[in-house]
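Content type mmCIF, C-alpha atoms, from the file coords-v6.cif:
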data_upload
#
loop_
_atom_site.label_atom_id
_atom_site.label_comp_id
_atom_site.auth_asym_id
_atom_site.auth_seq_id
_atom_site.Cartn_x
_atom_site.Cartn_y
_atom_site.Cartn_z
CA MET A 254 -17.81 -42.77 -42.70
CA LYS A 255 -18.84 -44.67 -39.59
CA LYS A 256 -16.40 -47.20 -38.10
CA ASN A 257 -16.69 -50.62 -39.75
CA GLU A 258 -18.97 -49.29 -42.51
CA ASN A 259 -16.22 -49.77 -45.08
CA LEU A 260 -15.47 -53.19 -43.58
CA TYR A 261 -19.01 -54.46 -44.03
CA THR A 262 -19.23 -52.95 -47.52
CA SER A 263 -16.07 -54.88 -48.42
CA ILE A 264 -17.51 -58.09 -46.99
CA TYR A 265 -20.65 -57.63 -49.09
CA SER A 266 -18.57 -56.99 -52.23
CA SER A 267 -16.47 -60.09 -51.57
CA LEU A 268 -19.56 -62.28 -51.19
CA GLU A 269 -21.17 -60.77 -54.29
CA SER A 270 -18.02 -61.77 -56.18
CA GLY A 271 -18.38 -65.32 -54.88
CA ILE A 272 -15.38 -65.06 -52.54
CA PRO A 273 -15.87 -66.37 -48.99
CA GLY A 274 -14.01 -64.95 -46.02
CA VAL A 275 -13.74 -64.70 -42.26
CA LEU A 276 -14.73 -61.78 -40.04
CA ILE A 277 -12.30 -61.69 -37.11
CA THR A 278 -12.91 -59.93 -33.81
CA SER A 279 -10.31 -59.64 -31.05
CA MET A 280 -11.72 -60.89 -27.74
CA ASN A 281 -8.94 -59.98 -25.31
CA GLN A 282 -9.91 -57.64 -22.50
CA ASP A 283 -7.09 -55.20 -23.23
CA ASN A 284 -8.55 -54.68 -26.71
CA GLN A 285 -12.20 -54.32 -25.79
CA LYS A 286 -12.05 -50.54 -26.05
CA ASP A 287 -10.35 -50.71 -29.40
CA ASN A 288 -12.83 -53.28 -30.73
CA ILE A 289 -10.33 -54.64 -33.26
CA LYS A 290 -12.24 -56.18 -36.14
CA PHE A 291 -11.04 -57.16 -39.60
CA PHE A 292 -11.90 -59.42 -42.53
CA ILE A 293 -9.68 -61.86 -44.42
CA ASN A 294 -11.12 -63.34 -47.60
CA LYS A 295 -10.15 -66.49 -49.46
CA ASN A 296 -7.74 -64.48 -51.63
CA GLN A 297 -5.91 -63.41 -48.44
CA LEU A 298 -7.01 -59.79 -48.73
CA VAL A 299 -7.08 -58.16 -45.28
CA ILE A 300 -9.63 -55.39 -44.70
CA GLY A 301 -10.34 -53.43 -41.51
CA ASP A 302 -8.36 -52.81 -38.31
CA SER A 303 -4.74 -53.86 -38.42
CA ILE A 304 -2.73 -55.91 -35.93
CA GLU A 305 0.66 -54.41 -35.18
CA ASP A 306 2.36 -57.81 -35.14
CA LYS A 307 2.75 -58.78 -38.83
CA LYS A 308 3.82 -62.33 -37.91
CA MET A 309 0.55 -62.76 -36.06
CA THR A 310 -1.38 -61.59 -39.09
CA GLN A 311 0.49 -64.06 -41.29
CA ALA A 312 -0.26 -66.87 -38.85
CA LEU A 313 -3.95 -66.00 -38.98
CA LYS A 314 -3.92 -65.89 -42.78
CA LYS A 315 -2.30 -69.35 -43.00
CA TYR A 316 -4.78 -70.81 -40.51
CA ILE A 317 -7.76 -69.33 -42.33
CA ALA A 318 -6.52 -70.51 -45.74
CA VAL A 319 -6.74 -74.10 -44.48
CA GLU A 320 -9.96 -73.76 -42.51
CA ILE A 321 -11.94 -71.87 -45.13
CA ALA A 322 -11.27 -74.62 -47.67
CA SER A 323 -12.63 -77.29 -45.32
CA ARG A 324 -15.94 -75.56 -44.60
CA ILE A 325 -18.88 -74.85 -46.89
CA PHE A 326 -21.58 -73.24 -44.81
CA SER A 327 -21.23 -70.24 -42.52
CA SER A 328 -20.13 -71.03 -38.98
CA VAL A 329 -18.57 -69.46 -35.89
CA SER A 330 -15.56 -70.55 -33.85
CA THR A 331 -13.16 -69.22 -31.23
CA ILE A 332 -9.40 -69.62 -31.57
CA ARG A 333 -6.43 -69.13 -29.25
CA LEU A 334 -3.19 -67.78 -30.73
CA ASN A 335 -0.01 -68.14 -28.73
CA LYS A 336 1.92 -64.89 -29.19
CA GLU A 337 5.27 -66.58 -28.57
CA THR A 338 4.94 -69.67 -30.77
CA LEU A 339 2.20 -68.33 -33.12
CA GLU A 340 0.45 -71.68 -32.71
CA ILE A 341 -3.30 -71.49 -33.30
CA GLN A 342 -5.89 -73.86 -31.89
CA GLU A 343 -9.67 -73.84 -31.92
CA TYR A 344 -10.84 -73.14 -28.37
CA LYS A 345 -13.83 -75.11 -27.08
CA LYS A 346 -13.38 -74.98 -23.29
CA ASN A 347 -15.64 -73.16 -20.84
CA ASP A 348 -12.91 -71.10 -19.14
CA LEU A 349 -12.51 -68.56 -21.92
CA VAL A 350 -12.96 -65.46 -19.73
CA SER A 351 -10.29 -66.45 -17.24
CA ASN A 352 -7.85 -67.47 -19.96
CA MET A 353 -8.23 -64.22 -21.87
CA SER A 354 -6.28 -62.48 -19.12
CA LYS A 355 -3.14 -64.50 -19.91
CA HIS A 356 -0.72 -62.23 -21.75
CA LYS A 357 0.78 -64.96 -23.92
CA ASP A 358 -2.52 -65.78 -25.61
CA LYS A 359 -4.68 -63.84 -28.03
CA PHE A 360 -8.29 -64.92 -28.52
CA PHE A 361 -10.29 -64.24 -31.65
CA LEU A 362 -13.87 -64.84 -32.64
CA LEU A 363 -14.00 -66.14 -36.22
CA GLU A 364 -17.17 -65.82 -38.27
CA TYR A 365 -16.88 -67.79 -41.50
CA ILE A 366 -19.02 -66.16 -44.16
CA TYR A 367 -19.75 -67.86 -47.47
CA PRO A 368 -21.77 -66.92 -50.53
CA LYS A 369 -24.78 -69.18 -50.93
CA LEU A 370 -24.13 -72.43 -52.75
CA LYS A 371 -25.72 -72.42 -56.20
CA LEU A 372 -28.03 -75.21 -57.27
CA VAL A 373 -28.56 -75.13 -61.03
CA ILE A 374 -31.49 -77.30 -62.07
CA VAL A 375 -31.80 -78.11 -65.77
CA GLY A 376 -35.38 -79.27 -66.16
CA ALA A 377 -38.46 -77.71 -64.56
CA GLY A 378 -40.64 -80.82 -64.36
CA HIS A 379 -41.92 -82.49 -61.21
CA VAL A 380 -38.48 -83.61 -60.00
CA GLY A 381 -36.98 -80.20 -60.73
CA GLN A 382 -39.73 -78.49 -58.79
CA ALA A 383 -39.31 -80.82 -55.82
CA LEU A 384 -35.56 -80.25 -55.91
CA ALA A 385 -36.04 -76.49 -55.72
CA GLN A 386 -38.51 -76.75 -52.84
CA ILE A 387 -36.21 -78.87 -50.68
CA ALA A 388 -33.07 -76.96 -51.70
CA GLU A 389 -34.65 -73.70 -50.55
CA ILE A 390 -35.01 -75.13 -47.04
CA ILE A 391 -31.36 -76.21 -47.04
CA GLY A 392 -30.27 -72.73 -48.10
CA PHE A 393 -29.17 -73.03 -51.73
CA GLU A 394 -29.37 -70.21 -54.24
CA ILE A 395 -31.53 -71.73 -56.98
CA PHE A 396 -31.40 -71.32 -60.76
CA ILE A 397 -33.89 -72.99 -63.12
CA ILE A 398 -33.29 -73.74 -66.80
CA ASP A 399 -36.07 -74.96 -69.11
CA ASP A 400 -37.33 -73.61 -72.44
CA ARG A 401 -40.94 -74.36 -71.45
CA LYS A 402 -42.33 -71.19 -69.89
CA ASP A 403 -45.39 -73.10 -68.73
CA TYR A 404 -43.06 -75.04 -66.45
CA ALA A 405 -40.18 -72.67 -65.72
CA ASN A 406 -41.83 -69.58 -64.29
CA GLU A 407 -42.13 -67.60 -61.07
CA ILE A 408 -45.42 -69.23 -60.13
CA ARG A 409 -43.90 -72.72 -59.95
CA PHE A 410 -40.49 -71.53 -58.76
CA PRO A 411 -41.00 -68.48 -56.52
CA MET A 412 -37.80 -69.34 -54.64
CA ALA A 413 -35.54 -69.18 -57.74
CA LYS A 414 -33.00 -66.38 -58.05
CA GLY A 415 -32.92 -66.90 -61.81
CA ILE A 416 -35.19 -68.59 -64.36
CA PHE A 417 -33.90 -69.08 -67.90
CA ASN A 418 -36.10 -69.98 -70.87
CA GLN A 419 -33.59 -69.37 -73.67
CA ASP A 420 -31.49 -71.81 -75.66
CA LEU A 421 -30.07 -74.44 -73.30
CA ALA A 422 -26.38 -73.64 -73.79
CA LEU A 423 -27.04 -69.90 -73.70
CA SER A 424 -28.97 -70.26 -70.45
CA ILE A 425 -26.22 -72.31 -68.81
CA ASN A 426 -23.56 -69.84 -69.94
CA SER A 427 -25.57 -67.01 -68.40
CA ILE A 428 -24.81 -68.45 -64.94
CA ASN A 429 -21.37 -68.14 -63.42
CA LEU A 430 -20.62 -71.78 -62.62
CA ASP A 431 -17.83 -71.96 -60.05
CA SER A 432 -16.61 -74.12 -57.17
CA LEU A 433 -19.75 -73.18 -55.21
CA SER A 434 -22.03 -74.50 -57.98
CA TYR A 435 -23.92 -77.80 -58.05
CA VAL A 436 -25.63 -78.78 -61.31
CA VAL A 437 -28.44 -81.31 -61.64
CA LEU A 438 -29.73 -82.43 -65.04
CA VAL A 439 -33.34 -83.60 -64.79
CA SER A 440 -34.69 -82.58 -68.19
CA ARG A 441 -37.45 -84.30 -70.16
CA GLY A 442 -35.17 -86.35 -72.43
CA HIS A 443 -31.67 -87.75 -72.77
CA LYS A 444 -30.94 -85.57 -75.81
CA LEU A 445 -31.44 -82.45 -73.70
CA ASP A 446 -29.39 -83.98 -70.90
CA GLU A 447 -26.60 -84.69 -73.38
CA GLU A 448 -26.66 -81.12 -74.67
CA ALA A 449 -26.60 -79.76 -71.13
CA LEU A 450 -23.79 -82.09 -70.08
CA ARG A 451 -21.71 -81.03 -73.08
CA THR A 452 -22.07 -77.44 -71.92
CA VAL A 453 -21.33 -77.91 -68.21
CA ILE A 454 -18.67 -80.65 -68.35
CA ASP A 455 -15.81 -78.17 -68.80
CA LYS A 456 -17.14 -75.64 -66.31
CA ASN A 457 -15.76 -75.22 -62.83
CA SER A 458 -18.81 -76.60 -61.00
CA GLN A 459 -18.30 -78.67 -57.86
CA TYR A 460 -20.86 -81.33 -58.77
CA ILE A 461 -22.73 -82.55 -61.85
CA GLY A 462 -25.56 -85.05 -61.48
CA MET A 463 -27.70 -86.49 -64.27
CA ILE A 464 -30.96 -88.38 -63.85
CA GLY A 465 -31.86 -91.47 -65.85
CA SER A 466 -31.64 -95.23 -66.06
CA LYS A 467 -28.28 -96.93 -66.53
CA ARG A 468 -29.12 -97.49 -70.20
CA ARG A 469 -30.11 -93.87 -70.80
CA THR A 470 -27.10 -92.44 -68.99
CA SER A 471 -24.73 -94.86 -70.74
CA ILE A 472 -25.96 -93.61 -74.12
CA VAL A 473 -25.21 -90.01 -73.13
CA LEU A 474 -21.80 -90.74 -71.63
CA ASN A 475 -20.67 -92.90 -74.56
CA SER A 476 -21.76 -90.23 -77.03
CA LEU A 477 -19.62 -87.63 -75.27
CA LEU A 478 -16.74 -90.07 -74.93
CA ASN A 479 -16.82 -90.75 -78.67
CA ASP A 480 -16.71 -87.00 -79.27
CA GLY A 481 -13.48 -86.61 -77.36
CA ILE A 482 -14.63 -85.74 -73.84
CA SER A 483 -12.15 -87.32 -71.43
CA ALA A 484 -13.17 -90.44 -69.54
CA LYS A 485 -11.90 -88.85 -66.30
CA LYS A 486 -14.35 -85.96 -66.58
CA LEU A 487 -17.23 -88.27 -67.45
CA GLN A 488 -16.46 -90.60 -64.55
CA ALA A 489 -16.84 -87.63 -62.20
CA VAL A 490 -20.47 -87.16 -63.27
CA HIS A 491 -22.91 -88.52 -60.69
CA THR A 492 -25.18 -90.64 -62.82
CA PRO A 493 -27.57 -92.26 -62.22
CA VAL A 494 -27.90 -89.43 -59.76
CA GLY A 495 -28.69 -89.63 -56.03
CA LEU A 496 -28.36 -92.03 -53.14
CA ASN A 497 -30.25 -95.31 -53.23
CA LEU A 498 -33.04 -94.51 -50.77
CA GLY A 499 -35.55 -96.69 -52.57
CA GLY A 500 -38.12 -93.94 -53.26
CA GLN A 501 -39.83 -93.45 -56.62
CA SER A 502 -41.95 -90.30 -56.34
CA PRO A 503 -40.61 -86.92 -57.57
CA GLY A 504 -40.18 -85.73 -53.99
CA GLU A 505 -38.37 -88.89 -52.95
CA ILE A 506 -36.08 -88.70 -55.98
CA ALA A 507 -35.33 -85.05 -55.23
CA LEU A 508 -34.52 -85.94 -51.63
CA ALA A 509 -32.14 -88.70 -52.78
CA ILE A 510 -30.36 -86.25 -55.12
CA LEU A 511 -29.94 -83.58 -52.46
CA ALA A 512 -28.82 -86.22 -49.96
CA GLU A 513 -26.00 -87.11 -52.33
CA ILE A 514 -25.06 -83.44 -52.77
CA ILE A 515 -24.92 -82.96 -48.99
CA GLN A 516 -22.82 -86.11 -48.76
CA VAL A 517 -20.39 -84.67 -51.32
CA ILE A 518 -20.24 -81.32 -49.52
CA HIS A 519 -19.50 -82.79 -46.11
CA LYS A 520 -17.66 -85.91 -47.30
CA GLY A 521 -20.05 -88.16 -45.43
CA ASP A 522 -20.18 -91.92 -45.88
CA GLY A 523 -23.95 -92.12 -46.34
CA LYS A 524 -24.33 -94.79 -43.64
CA SER A 525 -27.11 -94.83 -41.10
CA LEU A 526 -26.04 -93.09 -37.90
CA ARG A 527 -27.75 -95.90 -36.01
CA LEU A 528 -24.90 -98.22 -37.05
CA SER A 529 -22.44 -96.10 -35.03
CA ARG A 530 -24.56 -96.37 -31.89
CA LYS A 531 -23.41 -98.74 -29.19
CA SER A 532 -25.72 -101.63 -28.56
CA LEU A 533 -28.31 -101.02 -25.86
CA LEU A 534 -28.73 -104.71 -25.22
#
When written as structure tokens, how does the structure in this file appear?
Amino acid sequence: MKKNENLYTSIYSSLESGIPGVLITSMNQDNQKDNIKFFINKNQLVIGDSIEDKKMTQALKKYIAVEIASRIFSSVSTIRLNKETLEIQEYKKNDLVSNMSKHKDKFFLLEYIYPKLKLVIVGAGHVGQALAQIAEIIGFEIFIIDDRKDYANEIRFPMAKGIFNQDLALSINSINLDSLSYVVLVSRGHKLDEEALRTVIDKNSQYIGMIGSKRRTSIVLNSLLNDGISAKKLQAVHTPVGLNLGGQSPGEIALAILAEIIQVIHKGDGKSLRLSRKSLL
């Protein structure tokens, strides 16, 4: 087996299982010939070349455990690890080459690799279609649920990884909803939204949003509350869904919904960036 072939196979298997991780490459000049490269996933499994210093490996694992939880999308960074103190800092200076010669520091290139975020859209109408179109550009893995085959099909949703036309609950349960999953309920009626919400409320999804007026959403939430669903879980549902951008068309509504999801992902405040600009006058 070629060098690193098993490593990349393991990375692929980890991502297929929905487990993100970090591919780590040693950058120090004394290790260039060895090309030390290994992978640490979210479950702290280490695959690939080993570092002789076990304390250094533990320091890397602790650092990655924190960093991987604070990122969502794939990214790249360089870190400096002090071999004496085991302190790790992200390195952003321009003198990397000269500093790599210092014996007390180890430099690593970290490539954070995540499975695609899942966007589960319940409802294949105009808003659902617009959601899928914009979400594809952002990079979501898209799943469509609607019992109407005239609406939920490959012609209208060529970007979807999965299209489900079965019973609503059965369709939802066919998708592995986890912490990388974002669910949006935009079906054709509040009864369907209620059924869908009953099914997803106890799942491990990161976000649940439900379209509708305040009156319509209140009816759904009160019905579930009366049936014993906890108020805490219902309060976490984003409904009426989306940021208040003022738009009314399906595309504008879809944009407002995805804007809220991005805000949740990155913990943004939703304010105009112009307000943080210093006055030019």
Determine the residue set returned by the PyMOL selection byres ((chain A and resi 488) around 12) for the present structure, and present it as number ranges by chain. A: 454, 460-463, 470-471, 474-475, 477-478, 482-487, 489-493
Residues selected by the PyMOL selection byres ((chain A and resi 419-436) around 9), written as a short mmCIF file (atom, residue, chain, number, x, y, z; two decimals) with C-alpha atoms, keeping the file's coordinate frame:
data_model
loop_
_atom_site.label_atom_id
_atom_site.label_comp_id
_atom_site.auth_asym_id
_atom_site.auth_seq_id
_atom_site.Cartn_x
_atom_site.Cartn_y
_atom_site.Cartn_z
CA GLY A 271 -18.38 -65.32 -54.88
CA ILE A 325 -18.88 -74.85 -46.89
CA PRO A 368 -21.77 -66.92 -50.53
CA LYS A 369 -24.78 -69.18 -50.93
CA LEU A 370 -24.13 -72.43 -52.75
CA LYS A 371 -25.72 -72.42 -56.20
CA LEU A 372 -28.03 -75.21 -57.27
CA VAL A 373 -28.56 -75.13 -61.03
CA ILE A 374 -31.49 -77.30 -62.07
CA VAL A 375 -31.80 -78.11 -65.77
CA PHE A 396 -31.40 -71.32 -60.76
CA ILE A 398 -33.29 -73.74 -66.80
CA ASP A 399 -36.07 -74.96 -69.11
CA ASP A 400 -37.33 -73.61 -72.44
CA GLY A 415 -32.92 -66.90 -61.81
CA ILE A 416 -35.19 -68.59 -64.36
CA PHE A 417 -33.90 -69.08 -67.90
CA ASN A 418 -36.10 -69.98 -70.87
CA VAL A 437 -28.44 -81.31 -61.64
CA LEU A 438 -29.73 -82.43 -65.04
CA LEU A 445 -31.44 -82.45 -73.70
CA GLU A 448 -26.66 -81.12 -74.67
CA ALA A 449 -26.60 -79.76 -71.13
CA ARG A 451 -21.71 -81.03 -73.08
CA THR A 452 -22.07 -77.44 -71.92
CA VAL A 453 -21.33 -77.91 -68.21
CA LYS A 456 -17.14 -75.64 -66.31
CA ASN A 457 -15.76 -75.22 -62.83
CA SER A 458 -18.81 -76.60 -61.00
CA GLN A 459 -18.30 -78.67 -57.86
CA TYR A 460 -20.86 -81.33 -58.77
CA ILE A 461 -22.73 -82.55 -61.85
CA GLY A 462 -25.56 -85.05 -61.48
CA MET A 463 -27.70 -86.49 -64.27
CA ILE A 514 -25.06 -83.44 -52.77
#
A straight line from atom CA of Ile408 of chain A to atom CA of Ile387 of chain A spans 16.3 Å
Exercise for review: List, as a list in words, every residue that the PyMOL selection byres ((chain A and resi 504) around 10) selects in the file provided.
Suggested key: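 Expected selection for the PyMOL selection byres ((chain A and resi 504) around 10) here is His379, Val380, Gly381, Gln382, Ala383, Leu384, Gln386, Ile387, Gly500, Gln501, Ser502, Pro503, Glu505, Ile506, Ala507, Leu508, Ala509 and Ile510 of chain A.
A distance cut-off of 12 Å around (6.6, -67.6, -30.4), counting all atoms listed in the file, selects these protein and nucleic acid residues: Asp306, Lys308, Met309, Ala312, Leu334, Asn335, Lys336, Glu337, Thr338, Leu339, Glu340, Ile341, Lys357 and Asp358 of chain A.
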